[in-house]
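Take a look at the structure below.
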Amino acid sequence: MTFRMPNDVKQPPAQRAANRAEMTRRDILRSGAAVASLTLAPGVTLMAFGGSPAEAAGAKADAGKRWGLLIDISKCKDDCTACISACKTENGWGGGDNPETDAQWIRKVTLKNTATGHTETMPMMCQHCEKPPCVDVCPTGASMKRVDGIVLVDKHRCIGCRYCMMACPYKARSFVHEPVINQKADAPRGVGTVESCTLCVHRVDAGGTPACVEACAAEGHGAIIFGDLKDPTSDISKRLADYPSVALRPDLDLNPGVRFTNLG
Amino acid sequence: MAMERTIYREIKATPAVWGLAAMLAAFIGAALLSVLYVEHHGHIVTGMNNQVVWGLPHVFAIFLIVAASGALNGASIASVFGQAPYKPIARLSAVLAMSLLIGGLAVLVLDLGRPDRLLVAITQNNFKSIFAWNIYLYTGFLAVVALYLAVQMNRIDYKYVRAAGTLAFLWRLALTTGTGSIFGWLVARPGYDAAIMAPLFIAMSFSFGLAVFILVLLALFKLSGRKVGGMLCHRLGGLLAIFAAAVLYFTAVQHLTALYAAEHAGIEDFILRSGGYITFLFWVGQVLIGGILPIALIYVPRFRDSSAEPVWASVFVIVGGLAQVYVIVVGGQLYPMELFPGYEASSSFFDGEIASYSPSFNELILGLGGVAIALFAVGLAAKILRILPTNLADANIPQE
C-alpha cells in the first residue's frame with residue numbers, strides 16, 4: 001500500500017487531512033516499523049508502507065513507461081556467459097549443483113535452424129509480457145505486472161502452487177526447492193516460492209539498467225539494450241522502429257517486453 | 001414380496017471397523033510426517049523439479065477431486081432423474097462426494113510450496129485465475145452437497161430434495177469443468193490448451209467417481225454385515241461401462257484432433273508412441289485396463305453374470321484412471337514446450353529436451369494420505385450418521 005504525501009506547505013489543510021485519512025488502521029498495522037520514503041521530485045515524497053517489498057517496489061513504477069530489452073543475437077557470443085554471471089551475482093541465485101531443481105533466472109539457449117543448420121546462442125529470461133499468462137493464472141495475485149511492465153512475484157504472497165510455471169510459455173520461472181542463504185537485500189528469495197528475472201527492478205527504480213545489460217556492454221558485445229518502449233526517442237524504440245525484430249511465440253499475442261533481432 | 005421401507009442405520013464399531021480406522025489413521029499420520037519433512041527440506045526431497053512442477057501428489061489430488069464429483073452420480077440419478085432404485089444410495093453418494101473432495105484438496109494444499117500461507121489463498125484472490133475460481137467451486141460444492149444431504153436426511157417434502165439435488169448436479173458439472181480447465185486454459189503447453197479438457201474431465205468424473213462409489217458401498221456393506229443384491233450392483237456396473245466408454249470416446253477425440261495439427265505431432269508421438277513408460281501408461285493403463293477391460297467385463301455375457309464383475313470393473317477403472325491422470329499431468333509436462341518453432345533448442349535449463357521425473361516415496365505417501373483422509377471421512381460419517389441403508393437386497397430396492 002502506498003500513499004502520495006505531498007509536503008507542499010501551500011496545500012490546503014483540508015487536503016492534507018484527507019490524505020492522512022486515507023491511512024486506515026489496517027494500513028498502519030500492516031506497515032509495522034518498515035516505512036520507506038523516497039523523494040521523487042521537489043515537493044513530492046513517495047512513502048511506501050511495508051506491506052511487502054514487492055508492493056513497495058510497485059509504488060516506484062511509472063505508468064508512463066514500459067521497460068523492455070532488445071537482444072541482438074548476432075552480437076551474442078557463443079562462449080560468453082557474462083550476463084548469467086552478472087545476474088547471479090546481482091540477485092544471489094546459482095551456486096547449486098542440481099540443474100534439474102536449481103533456479104535459473106537467465107540462461108543461454110543454443111538454437112539450431114532445422115532447415116539451414118545455422119547455430120546461434122541467445123540469452124533467455126522472463127519476457128515481461130504485456131499480457132502475462134503467469135499473472136492471469138496466479139490464484140493469489142502474487143504474480144503481478146507493475147504499471148511500467150515489469151512482471152514480478154510477490155514472495156510474501158506466493159503460496160508455491162507453481163501454476164504460473166505451468167502457464168509461462170517461456171519456461172522463465174523457477175521454484176525454490178531448497179532453503180536459501182546469503183540472499184541479496186534487493187532480491188528477496190524464499191524456499192517454496194516461485195521466482196524469475198525481475199529486470200533488476202531495484203536498479204531500474206534507482207535509475208539504472210539491469211545487471212545483464214551492463215555486463216554484456218562491459219564485455220564489449222552490447223547485445224542487450226535496455227530502455228523505455230513507450231518513449232519514441234529512446235535508443236531501444238528507435239532501433240525497434242528501424243530494424244526488423246521478433247517476439248518469441250508471437251502466435252500467443254502476449255506482446256512481450258523482450259524483443260530479438262537477427263534471429264537467423 | 002412386500003417391500004420394506006428403506007431404513008438407514010449407523011454402522012457398528014466392530015473390531016474390523018476399528019482395525020480399518022487405525023490403518024487409515026496410520027496412513028494419514030504418515031502423510032502428515034511426509035509433509036513436515038518436505039516443509040523442512042523444501043521440495044528438493046520430492047521428485048519434482050523445474051521441468052515437472054506438478055507430480056504424483058497432483059495425480060492423486062486431481063483423481064480424488066474428479067472422482068468426488070462423480071461419486072455424486074448415485075444421488076443425482078435418484079433426485080434429479082427420478083430413478084427410484086438409486087434413492088437408497090443417495091445419502092452415501094453425497095457423503096462420499098464430500099469426503100473425496102476433502103481428501104483431494106488436502107493433498108493439493110499440503111503439497112504447496114508454502115502450505116502455511118493457506119490463509120493467503122483464501123483471503124487474496126485473483127479472479128482471472130481458474131485456480132481462484134476453483135477455490136469457490138470446491139468450497140461451494142461442499143456447502144451445496146451438505147445442504148443436499150441435510151434435506152435428504154430430514155425427510156422433508158421431496159421437492160426440496162429434488163431442488164437441492166439439481167443444484168448439486170449443476171454444481172458438480174461446473175466443478176469438473178473448472179478442474180479440466182486448469183489444463184484446458186494453459187495456452188503455453190501443447191499437451192493442454194484444448195477445450196475438450198472440460199468435457200473429458202466430466203466424463204472421467206462420471207467414471208472414476210462411480211468406480212470408487214461401488215467399491216466403498218460394497219466395502220461398507222461387507223464391513224457392517226449388510227446385504228447388497230446383485231440387481232443394484234449390475235445396474236451400477238452397467239452404468240460404469242457406459243461412462244468408461246465415454247472417457248475412451250473423449251480421449252480418442254482429444255488425440256485425433258491433436259494428431260491432425262502438424263504442430264502437435266511431437267507431443268502426440270511422445271504420448272502415443274515414443275514416450276516410454278508414459279506410452280505404456282496410456283495404452284496399457286488408461287486404454288486397456290481403464291477402458292476396454294471394464295467394458296468387456298460388463299458386456300461380455302460370460303463375465304457379466306459373475307457377482308465379482310462390478311468389483312473388478314471398478315478396480316480396473318480406478319487403476320486406469322490414475323494412469324490417465326498421470327499421463328495428462330506428468331506426461332504433459334515431460335514433453336518440452338515449443339519456444340522456438342523451426343529451431344532445435346538446447347540449454348542448461350532443459351530446453352528442447354524430454355524432462356525426467358521419478359516420484360519420491362514422500363509424494364506417494366502424501367497421495368495415499370489423501371485417499372486415507374477420504375476413506376476415513378466416509379467411514380466416520382457412516383459410523384455417526386444414518387446414511388447407509390440396512391438392506392439393499394434385490395427385494396428391498398424400490399422400483400421405478
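Chain lettering (A, B, ...) mirrors the order of the C-alpha cells, residue numbering begins at 1 for each chain separately, and ligand numbering begins at 1 in order of display.
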
Tell me the residues of chain A close to chain B, meaning within 6 Å using only C-alpha atoms, as a compact mmCIF listing (two decimals) with N, CA and C atoms, in the first residue's frame.
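Result file out-v9.txt:
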```
# COMPACT_ATOMS: atom_id res chain seq x y z
N GLU A 100 18.47 -29.81 -12.37
CA GLU A 100 17.03 -30.03 -12.54
C GLU A 100 16.19 -29.18 -11.59
N THR A 101 16.78 -28.85 -10.42
CA THR A 101 15.99 -28.12 -9.43
C THR A 101 16.53 -26.72 -9.14
N VAL A 109 20.46 -20.08 -24.48
CA VAL A 109 19.84 -21.13 -25.29
C VAL A 109 20.60 -21.21 -26.61
N THR A 110 20.94 -22.44 -27.00
CA THR A 110 21.57 -22.65 -28.30
C THR A 110 20.49 -23.05 -29.29
N LEU A 111 20.43 -22.32 -30.39
CA LEU A 111 19.40 -22.59 -31.39
C LEU A 111 20.04 -23.06 -32.68
N LYS A 112 19.52 -24.15 -33.21
CA LYS A 112 20.00 -24.64 -34.50
C LYS A 112 18.81 -24.60 -35.45
N ASN A 113 18.98 -23.84 -36.52
CA ASN A 113 17.91 -23.74 -37.50
C ASN A 113 17.75 -25.10 -38.17
N THR A 114 16.60 -25.71 -38.02
CA THR A 114 16.44 -27.08 -38.52
C THR A 114 16.49 -27.14 -40.05
N ASP A 136 -2.20 -14.03 -15.08
CA ASP A 136 -3.59 -14.46 -15.23
C ASP A 136 -3.93 -15.65 -14.34
N VAL A 137 -3.03 -16.63 -14.30
CA VAL A 137 -3.39 -17.88 -13.61
C VAL A 137 -3.11 -17.85 -12.11
N CYS A 138 -2.32 -16.91 -11.64
CA CYS A 138 -1.95 -16.90 -10.21
C CYS A 138 -3.18 -16.73 -9.33
N PRO A 139 -3.46 -17.70 -8.45
CA PRO A 139 -4.70 -17.61 -7.67
C PRO A 139 -4.71 -16.48 -6.65
N THR A 140 -3.52 -16.08 -6.17
CA THR A 140 -3.50 -15.10 -5.08
C THR A 140 -3.10 -13.70 -5.53
N GLY A 141 -2.73 -13.54 -6.78
CA GLY A 141 -2.27 -12.23 -7.23
C GLY A 141 -0.81 -11.97 -6.87
N ILE A 159 2.04 -18.70 -2.73
CA ILE A 159 1.80 -19.88 -1.90
C ILE A 159 2.53 -21.10 -2.43
N GLY A 160 3.24 -20.92 -3.54
CA GLY A 160 4.03 -22.03 -4.08
C GLY A 160 3.22 -23.08 -4.81
N CYS A 161 2.14 -22.67 -5.50
CA CYS A 161 1.32 -23.66 -6.20
C CYS A 161 1.91 -24.05 -7.55
N ALA A 167 1.97 -22.23 -16.70
CA ALA A 167 1.36 -21.32 -17.67
C ALA A 167 2.38 -20.55 -18.50
N PRO A 169 4.85 -19.55 -21.12
CA PRO A 169 5.26 -20.19 -22.38
C PRO A 169 6.76 -20.15 -22.60
N SER A 174 11.34 -20.33 -11.99
CA SER A 174 11.94 -21.40 -11.21
C SER A 174 11.25 -21.46 -9.85
N HIS A 177 13.58 -24.85 -4.54
CA HIS A 177 13.42 -26.20 -3.99
C HIS A 177 14.10 -26.40 -2.64
N GLU A 178 15.03 -25.49 -2.30
CA GLU A 178 15.79 -25.68 -1.05
C GLU A 178 15.85 -24.35 -0.29
N GLY A 192 10.11 -22.58 -1.37
CA GLY A 192 8.67 -22.83 -1.54
C GLY A 192 7.95 -21.77 -2.33
N THR A 193 8.68 -20.80 -2.88
CA THR A 193 8.03 -19.80 -3.72
C THR A 193 8.66 -19.81 -5.11
```

- Message: Give me, as a PyMOL selection string, all polymer residues having an atom no more than 9 Å from A:Glu90, counting only C-alpha atoms and skipping those fewer than 3 positions away in the same chain.
- Response: chain A and resi 85-87+93+184+186-187+200+211

Serialized selection, C-alpha atoms, as a PDB file, in the first residue's frame:
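Below is the file selection28.pdb, written as the result:
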```pdb
ATOM      1  CA  SER A  85      27.207 -14.472 -14.052  1.00  0.00           C
ATOM      2  CA  ALA A  86      26.176 -10.865 -13.539  1.00  0.00           C
ATOM      3  CA  CYS A  87      22.576 -11.852 -12.815  1.00  0.00           C
ATOM      4  CA  TRP A  93      20.926 -17.229  -7.206  1.00  0.00           C
ATOM      5  CA  LYS A 184      20.745 -10.134  -1.593  1.00  0.00           C
ATOM      6  CA  ASP A 186      17.433  -6.183  -3.187  1.00  0.00           C
ATOM      7  CA  ALA A 187      16.344  -9.601  -4.413  1.00  0.00           C
ATOM      8  CA  CYS A 200      16.702  -5.825 -11.900  1.00  0.00           C
ATOM      9  CA  ALA A 211      22.958  -6.232 -14.480  1.00  0.00           C
TER      10      ALA A 211
END
```

- Query: Between B:Asp193, B:Ala78, B:Ala258, B:Leu218, which is the closest to B:Gly230 once you count only C-alpha atoms?
  - Reply: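 Looking only at the distances to B:Gly230, the closest residue turns out to be B:Leu218.
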
- Would you mind reading off the distance between atom CA of B:Pro398 and atom CA of B:Pro85, one decimal, in Å? 4.9 Å

- Task: Please provide as a list in words all residues within 9 Å of A:Gly222, with the sequence filter that same-chain residues fewer than 3 positions apart are discarded (counting only C-alpha atoms).
- Result: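 Non-adjacent residues within range: Ile71, Asp72, Lys75, Cys76, Val213, Glu214, Ala215, Cys216, Ala217, Ala218, Glu219 and Ile225 of chain A.
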
Give me every strand (DSSP E or B) residue in stretch 199-350 of chain B, going by DSSP on the backbone, as a CSV table (one decimal) with C-alpha atoms, in the first residue's frame.
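What follows is the written file part28.csv:
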```csv
chain,number,residue,atom,x,y,z
B,227,LYS,CA,-26.6,-57.4,2.1
B,228,VAL,CA,-26.4,-55.8,-1.3
B,343,TYR,CA,14.8,-24.4,-34.4
B,344,GLU,CA,16.4,-27.2,-32.3
B,345,ALA,CA,16.8,-25.6,-28.9
B,346,SER,CA,19.2,-26.7,-26.1
B,347,SER,CA,20.3,-25.2,-22.8
```

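A straight line drawn from atom CA of B:Phe243 to atom CA of B:Arg162 is 23.4 Å long.
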
- Tell me, in Å to one decimal, how far atom CA of A:Leu248 is from atom CA of A:Pro123.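 Separating atom CA of A:Leu248 from atom CA of A:Pro123 is a distance of 12.3 Å.
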
- B:Lys12 surroundings by only C-alpha atoms, 10 Å radius, close-in-sequence under 2 positions cut, as a VMD selection string: chain B and resid 9 to 10 14 to 18 223 to 225 382 to 384

Just write the chosen residues, C-alpha atoms, as an mmCIF file, in the first residue's frame.
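part-v3.cif written:
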```
data_model
loop_
_atom_site.group_PDB
_atom_site.id
_atom_site.type_symbol
_atom_site.label_atom_id
_atom_site.label_comp_id
_atom_site.auth_asym_id
_atom_site.auth_seq_id
_atom_site.Cartn_x
_atom_site.Cartn_y
_atom_site.Cartn_z
ATOM 1 C CA ARG B 9 -28.617 -47.055 10.336
ATOM 2 C CA GLU B 10 -25.122 -46.225 11.535
ATOM 3 C CA THR B 14 -16.792 -53.836 15.347
ATOM 4 C CA PRO B 15 -13.116 -54.810 15.712
ATOM 5 C CA ALA B 16 -12.901 -54.863 11.907
ATOM 6 C CA VAL B 17 -14.124 -51.258 11.770
ATOM 7 C CA TRP B 18 -11.633 -50.219 14.443
ATOM 8 C CA LEU B 223 -17.934 -54.450 6.941
ATOM 9 C CA SER B 224 -21.322 -53.963 8.583
ATOM 10 C CA GLY B 225 -22.678 -57.376 7.594
ATOM 11 C CA ALA B 382 -21.239 -43.957 8.152
ATOM 12 C CA LYS B 383 -20.468 -44.552 11.832
ATOM 13 C CA ILE B 384 -22.142 -41.418 13.185
#
```

- Among stretch 265-399 of chain B, which ones does DSSP place in helix (DSSP H, G or I), written as a PyMOL selection string? chain B and resi 265-274+277-299+301-304+309-334+361-384+394-396

- Item | Best match for closeness to A:Gly95 among A:Asn255, A:Ser245, A:Ser196, A:Asn182, counting only C-alpha atoms |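 Once distances to A:Gly95 are computed over only C-alpha atoms, the minimum belongs to A:Asn182.
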
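Compared by their closest atoms to B:Arg5, and using only C-alpha atoms, the residues B:Ile292, B:Val145, B:Val95, B:Leu392 rank with B:Leu392 nearest.
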
For B:Pro57: contacts at 9 Å, only C-alpha atoms, fewer than 6 positions along chain excluded, given as an mmCIF file with N, CA and C atoms, in the first residue's frame:
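The resulting file, around-v5.cif, is reproduced below:
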```
data_model
loop_
_atom_site.group_PDB
_atom_site.id
_atom_site.type_symbol
_atom_site.label_atom_id
_atom_site.label_comp_id
_atom_site.auth_asym_id
_atom_site.auth_seq_id
_atom_site.Cartn_x
_atom_site.Cartn_y
_atom_site.Cartn_z
ATOM 1 N N VAL B 107 -4.488 -33.001 -0.195
ATOM 2 C CA VAL B 107 -3.230 -33.293 -0.889
ATOM 3 C C VAL B 107 -2.736 -32.048 -1.626
ATOM 4 N N LEU B 108 -3.670 -31.389 -2.299
ATOM 5 C CA LEU B 108 -3.317 -30.202 -3.085
ATOM 6 C C LEU B 108 -2.705 -29.121 -2.190
ATOM 7 N N ASP B 111 0.731 -30.020 -0.581
ATOM 8 C CA ASP B 111 1.876 -30.035 -1.489
ATOM 9 C C ASP B 111 2.315 -28.625 -1.897
ATOM 10 N N GLU B 363 6.095 -38.319 -1.917
ATOM 11 C CA GLU B 363 4.931 -37.942 -2.723
ATOM 12 C C GLU B 363 3.863 -39.030 -2.700
ATOM 13 N N LEU B 364 4.337 -40.293 -2.800
ATOM 14 C CA LEU B 364 3.392 -41.416 -2.780
ATOM 15 C C LEU B 364 2.640 -41.438 -1.453
ATOM 16 N N ILE B 365 3.387 -41.229 -0.360
ATOM 17 C CA ILE B 365 2.768 -41.270 0.971
ATOM 18 C C ILE B 365 1.744 -40.135 1.120
ATOM 19 N N LEU B 366 2.087 -38.960 0.589
ATOM 20 C CA LEU B 366 1.135 -37.847 0.668
ATOM 21 C C LEU B 366 -0.118 -38.171 -0.143
ATOM 22 N N GLY B 367 0.060 -38.700 -1.334
ATOM 23 C CA GLY B 367 -1.089 -39.043 -2.181
ATOM 24 C C GLY B 367 -1.972 -40.088 -1.517
ATOM 25 N N LEU B 368 -1.344 -41.139 -0.970
ATOM 26 C CA LEU B 368 -2.125 -42.187 -0.301
ATOM 27 C C LEU B 368 -2.799 -41.625 0.953
ATOM 28 N N GLY B 370 -4.092 -38.721 1.183
ATOM 29 C CA GLY B 370 -5.329 -38.098 0.703
ATOM 30 C C GLY B 370 -6.436 -39.126 0.525
#
```

- Message: Could you check the closest approach to B:Ser79 for each of B:Ile298, B:Ala265, B:Ala168, B:Ala393 and tell me which residue wins, using only C-alpha atoms?
- Response: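 Closest to B:Ser79 of all the choices is B:Ala168.
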
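Residue nearest B:Leu210, chosen from B:Gly103, B:Arg91, B:Ala71, B:Leu175 and counting only C-alpha atoms: B:Ala71.
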